[in-house]
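Asker: Starting off with a structure, shown below.
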Amino acid sequence: ARNSPSLNSFIIGNLPYSPDEGVNSAVQTAAATNAAFLANFNSGGNALTLPTARPTFNSVVSTLKNPKYIEWNFEVQQAIGSKTSLNLNYVGNRGYDEFITDNSPNSFFVGNSNTSTFGSLPSARPDDHFGVVSLLTNQGISRYNGLTATVNRRFTAGFQGSFNYTWSHASDDVSNGGVLPYSGNDSLLGQIDPANLRRLNYGNADYDVRHNISANYVWELPFKSHGMLNKVVSGWSVSQTIFWRSGYPYTVTDGIGYAAVGISNGSGLTIMPDFQGGSTPSCLYPGTAANPTQCLKNTQFVGVGSETGFGNIPRNAFRGPHYFNTDLSLLKNIPITEHVMFGLGANAYNVLNHPSFANPAHDTSSGSFGQIQSTVEPPTSPYGAFVGSAVSGRLLQVTARLTF
């Protein structure tokens, strides 16, 4: 459905948009190009006689299967007294026949001063009729293993709460179904090594969080008195949520990519510079004393554009900073009648105003490589969940409610 002549799209250069510009406008140029393309196609022409560059071609394996998933779990629950329980839950799953795109079928290596070969790429374009060829397959696999320990305390003596800890490991060839990036530019959606999908693709999933802690409680403060003073000191409650997790993984890439090393028609290919710094470190904040926002150094990788292969370590081999956040709420309930209660309180999101940092810039060809340039927004805020209006700093919210 996305191939010519069913769907023709053209990249037009720096031309004015207004149709009043006549044949010099982008609109007229696109229309004329499309007409010439269709005329050539309908008359039995081929890509070598087209009035434009070689067209791209999207292909699918002959038998495309639906992704499949197997999941299993085993849970043990133990009561501790009459109000507290301990849960241990192991969850595992495996996915296979998952979608992944290979953008290399028509790529070739023209050579450079560093090497005469580049992986398994040929020295000439395999099919001269087309430019970039993308092949959709379902060779992807994924695995997950996780163990969650939960302690729950039922509401007793004005207190209830829970504590959760999860250790988990998620691995895959491509994350988020291979359709949309999970985390901005940190996600790689295509096959990296054209000759071997597993060699560089199979690694930590984009959302692989090894350690995750969450806790919450509600405590009705036990202060009481007599008369009017009781209306002041009683009816207070405090609640809090706490979140902590280890850092998300990311991949170091060379953004100049295929163009710098002499790969032609390789749009969508990823070049990962060889890591030569020993063990793969975590990104800690702050970094070195000389540059507190520097996590990785260019000297740990081969020079920009000097790669001789697609990489030597799997994707998502590096870790970004951990995440921490805590929200606090305070509520005062004032009885109006026997069945009517007025509540006045305040919510503090990120009450400690603690910054949590995003992954560093991971492109070795960028002047900001290794630098942390943004903070992470919390998943929830007074504005809702996963919305652009959320901010990473402290937010205060005053609330009032009537209960009857």
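Residue numbers start at 1 in each chain; chains themselves are named A, B, ... in the order of the structure tokens; ligands are numbered from 1 in the order shown.
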For Lys68 of chain A, find every residue with an atom within 10 Å (counting only C-alpha atoms), except residues of its own chain fewer than 4 positions away, and show them as a PDB file with N, CA and C atoms, in the first residue's frame.

Answerer:
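Below you can see result-v9.pdb, which holds the result:
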```pdb
ATOM      1  N   ARG A  94       7.438 -14.686  27.214  1.00  0.00           N
ATOM      2  CA  ARG A  94       8.274 -14.746  26.027  1.00  0.00           C
ATOM      3  C   ARG A  94       7.429 -14.369  24.824  1.00  0.00           C
ATOM      4  N   GLY A  95       7.981 -13.508  23.979  1.00  0.00           N
ATOM      5  CA  GLY A  95       7.304 -13.127  22.744  1.00  0.00           C
ATOM      6  C   GLY A  95       8.108 -13.584  21.544  1.00  0.00           C
ATOM      7  N   TYR A  96       7.434 -13.971  20.497  1.00  0.00           N
ATOM      8  CA  TYR A  96       8.128 -14.345  19.265  1.00  0.00           C
ATOM      9  C   TYR A  96       7.240 -13.978  18.080  1.00  0.00           C
ATOM     10  N   ASP A  97       7.805 -14.047  16.885  1.00  0.00           N
ATOM     11  CA  ASP A  97       7.138 -13.559  15.674  1.00  0.00           C
ATOM     12  C   ASP A  97       6.816 -12.076  15.795  1.00  0.00           C
ATOM     13  N   GLU A  98       7.680 -11.327  16.459  1.00  0.00           N
ATOM     14  CA  GLU A  98       7.456  -9.890  16.618  1.00  0.00           C
ATOM     15  C   GLU A  98       8.001  -9.130  15.415  1.00  0.00           C
ATOM     16  N   ILE A 141      12.146 -11.410  18.819  1.00  0.00           N
ATOM     17  CA  ILE A 141      11.777 -12.149  20.021  1.00  0.00           C
ATOM     18  C   ILE A 141      11.941 -11.234  21.232  1.00  0.00           C
TER      19      ILE A 141
END
```

Asker: To test your reading of the structure, identify every residue in segment 93-221 of chain A that backbone DSSP assigns to strand (DSSP E or B), and report it as a PyMOL selection string.

Answerer: chain A and resi 93-102+108-109+133-156+159-172+190+203-204+211-220

Asker: In terms of the shortest atom-to-atom distance over only C-alpha atoms, which of A:Ser175, A:Asn216, A:Ser120, A:Ser85 is closest to Thr308 of chain A?

Answerer: A:Ser120

Asker: Restricting the calculation to only C-alpha atoms: of A:Phe369, A:Phe318, A:Tyr250, A:Phe324, which residue gets closest to Val304 of chain A?

Answerer: A:Phe369

Asker: Measuring between only C-alpha atoms, which one of A:Asn353, A:Ser306, A:Ser6, A:Thr148 shows the shortest distance to Asp327 of chain A?

Answerer: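 Using only C-alpha atoms, Asp327 of chain A sits closest to A:Asn353.
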
Asker: Which residues, written as an NGL selection string, have at least one atom at most 7 Å from segment 162-173 of chain A, with only C-alpha atoms counted and residues fewer than 2 positions away on the same chain left out?

Answerer: :A and (140-153 or 175 or 198 or 201-205 or 208-217)

Asker: Calculated over only C-alpha atoms, which of the candidates A:Gly277, A:Pro222, A:Gly190, A:Gly158 has the smallest distance to Phe301 of chain A?

Answerer: A:Gly277

Asker: Excluding same-chain residues fewer than 3 positions from segment 121-126 of chain A, what lies within 10 Å of it counting only C-alpha atoms, as a list in words?

Answerer: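 Returned residues: Ser104, Pro105, Asn106, Ser107, Phe108, Phe109, Val110, Gly111, Ser116, Thr117, Phe118, His129, Phe130, Gly131, Val132, Asp193, Pro194, Ala195, Ile263, Ser264, Asn265 and Gly309 of chain A.
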
Asker: Just list the residues in segment 76-221 of chain A DSSP gives alpha helix (DSSP H) on the backbone, as a list of chain:residue names.

Answerer: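 Here is the list: A:Leu197, A:Arg198, A:Arg199, A:Leu200, A:Asn201.
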
Asker: Write the selection just made, keeping N, CA, C and O atoms, as an mmCIF file, in the first residue's frame?

Answerer:
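Dumped to out-v4.cif:
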```cif
data_model
loop_
_atom_site.group_PDB
_atom_site.id
_atom_site.type_symbol
_atom_site.label_atom_id
_atom_site.label_comp_id
_atom_site.auth_asym_id
_atom_site.auth_seq_id
_atom_site.Cartn_x
_atom_site.Cartn_y
_atom_site.Cartn_z
ATOM 1 N N LEU A 197 20.631 -10.601 12.968
ATOM 2 C CA LEU A 197 19.712 -9.822 13.786
ATOM 3 C C LEU A 197 20.069 -9.879 15.262
ATOM 4 O O LEU A 197 20.084 -8.857 15.959
ATOM 5 N N ARG A 198 20.394 -11.069 15.769
ATOM 6 C CA ARG A 198 20.602 -11.238 17.202
ATOM 7 C C ARG A 198 21.901 -10.593 17.707
ATOM 8 O O ARG A 198 21.983 -10.191 18.852
ATOM 9 N N ARG A 199 22.917 -10.484 16.861
ATOM 10 C CA ARG A 199 24.242 -10.082 17.329
ATOM 11 C C ARG A 199 24.227 -8.718 18.015
ATOM 12 O O ARG A 199 24.829 -8.547 19.077
ATOM 13 N N LEU A 200 23.540 -7.754 17.453
ATOM 14 C CA LEU A 200 23.547 -6.410 18.017
ATOM 15 C C LEU A 200 22.174 -5.958 18.493
ATOM 16 O O LEU A 200 22.079 -5.092 19.373
ATOM 17 N N ASN A 201 21.105 -6.518 17.945
ATOM 18 C CA ASN A 201 19.768 -6.087 18.363
ATOM 19 C C ASN A 201 19.348 -6.654 19.701
ATOM 20 O O ASN A 201 18.711 -5.966 20.517
#
```

Asker: So how far away is atom CA of Asn333 of chain A from atom CA of Gly227 of chain A, in Å?

Answerer: 15.9 Å

Asker: Skipping near chain neighbours, those fewer than 2 positions away, what residues fall within 6 Å of Tyr323 of chain A using only C-alpha atoms, listed as a ChimeraX atom specification?

Answerer: /A:244-245,356

Asker: Just checking: using only C-alpha atoms, which residue out of A:Pro249, A:Gly311, A:Gly177, A:Gly303 ends up closest to Gly119 of chain A?

Answerer: A:Gly311

Asker: Fewer than 4 positions away in the same chain doesn't count, so skip those; otherwise give me all residues within 8 Å of Gly343 of chain A, counting only C-alpha atoms, as a PDB file with N, CA, C and O atoms, in the first residue's frame.

Answerer:
```pdb
ATOM      1  N   LEU A 331      -4.547  16.485  54.732  1.00  0.00           N
ATOM      2  CA  LEU A 331      -5.983  16.747  54.677  1.00  0.00           C
ATOM      3  C   LEU A 331      -6.528  16.940  56.085  1.00  0.00           C
ATOM      4  O   LEU A 331      -6.183  16.201  57.014  1.00  0.00           O
ATOM      5  N   LYS A 332      -7.390  17.955  56.220  1.00  0.00           N
ATOM      6  CA  LYS A 332      -8.077  18.213  57.481  1.00  0.00           C
ATOM      7  C   LYS A 332      -9.581  18.075  57.242  1.00  0.00           C
ATOM      8  O   LYS A 332     -10.171  18.789  56.425  1.00  0.00           O
ATOM      9  N   ASN A 333     -10.209  17.119  57.937  1.00  0.00           N
ATOM     10  CA  ASN A 333     -11.643  16.907  57.850  1.00  0.00           C
ATOM     11  C   ASN A 333     -12.341  17.614  59.003  1.00  0.00           C
ATOM     12  O   ASN A 333     -11.980  17.424  60.181  1.00  0.00           O
ATOM     13  N   ILE A 334     -13.349  18.411  58.684  1.00  0.00           N
ATOM     14  CA  ILE A 334     -14.100  19.172  59.698  1.00  0.00           C
ATOM     15  C   ILE A 334     -15.557  18.713  59.629  1.00  0.00           C
ATOM     16  O   ILE A 334     -16.221  18.898  58.590  1.00  0.00           O
ATOM     17  N   ALA A 400     -10.339  21.252  48.227  1.00  0.00           N
ATOM     18  CA  ALA A 400     -11.458  21.329  49.167  1.00  0.00           C
ATOM     19  C   ALA A 400     -12.529  20.343  48.688  1.00  0.00           C
ATOM     20  O   ALA A 400     -12.732  20.191  47.479  1.00  0.00           O
ATOM     21  N   ARG A 401     -13.177  19.672  49.639  1.00  0.00           N
ATOM     22  CA  ARG A 401     -14.189  18.709  49.244  1.00  0.00           C
ATOM     23  C   ARG A 401     -15.264  18.596  50.313  1.00  0.00           C
ATOM     24  O   ARG A 401     -15.011  18.847  51.503  1.00  0.00           O
ATOM     25  N   LEU A 402     -16.420  18.203  49.849  1.00  0.00           N
ATOM     26  CA  LEU A 402     -17.567  18.018  50.740  1.00  0.00           C
ATOM     27  C   LEU A 402     -18.007  16.570  50.646  1.00  0.00           C
ATOM     28  O   LEU A 402     -18.296  16.078  49.550  1.00  0.00           O
ATOM     29  N   THR A 403     -18.032  15.870  51.772  1.00  0.00           N
ATOM     30  CA  THR A 403     -18.384  14.456  51.815  1.00  0.00           C
ATOM     31  C   THR A 403     -19.685  14.288  52.579  1.00  0.00           C
ATOM     32  O   THR A 403     -19.819  14.819  53.690  1.00  0.00           O
TER      33      THR A 403
END
```

Asker: Can you work out the spacing between atom CA of Thr337 of chain A and atom CA of Ala157 of chain A in Å, to one decimal?

Answerer: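 It comes out at 23.8 Å.
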
Asker: I'd like to know which of A:Ala36, A:Ala79, A:Phe404, A:Gly45 is closest to Val340 of chain A, using only C-alpha atoms.

Answerer: A:Phe404

Asker: Using Å and a single decimal, report how far atom CA of Gly178 of chain A sits from atom CA of Tyr69 of chain A.

Answerer: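 For atom CA of Tyr69 of chain A relative to atom CA of Gly178 of chain A, the distance reads 15.2 Å.
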
Asker: Residues at most 6 Å from Asn103 of chain A, counting only C-alpha atoms, excluding those fewer than 2 positions away in the same chain, as a PDB file with N, CA and C atoms, in the first residue's frame?

Answerer:
```pdb
ATOM      1  N   VAL A 133      15.392   0.041   0.251  1.00  0.00           N
ATOM      2  CA  VAL A 133      14.420  -1.044   0.326  1.00  0.00           C
ATOM      3  C   VAL A 133      14.264  -1.443   1.790  1.00  0.00           C
ATOM      4  N   SER A 134      13.021  -1.417   2.268  1.00  0.00           N
ATOM      5  CA  SER A 134      12.727  -1.789   3.657  1.00  0.00           C
ATOM      6  C   SER A 134      11.947  -3.095   3.665  1.00  0.00           C
ATOM      7  N   GLY A 268      18.093   4.756   7.457  1.00  0.00           N
ATOM      8  CA  GLY A 268      17.515   3.963   8.536  1.00  0.00           C
ATOM      9  C   GLY A 268      18.495   3.019   9.183  1.00  0.00           C
TER      10      GLY A 268
END
```
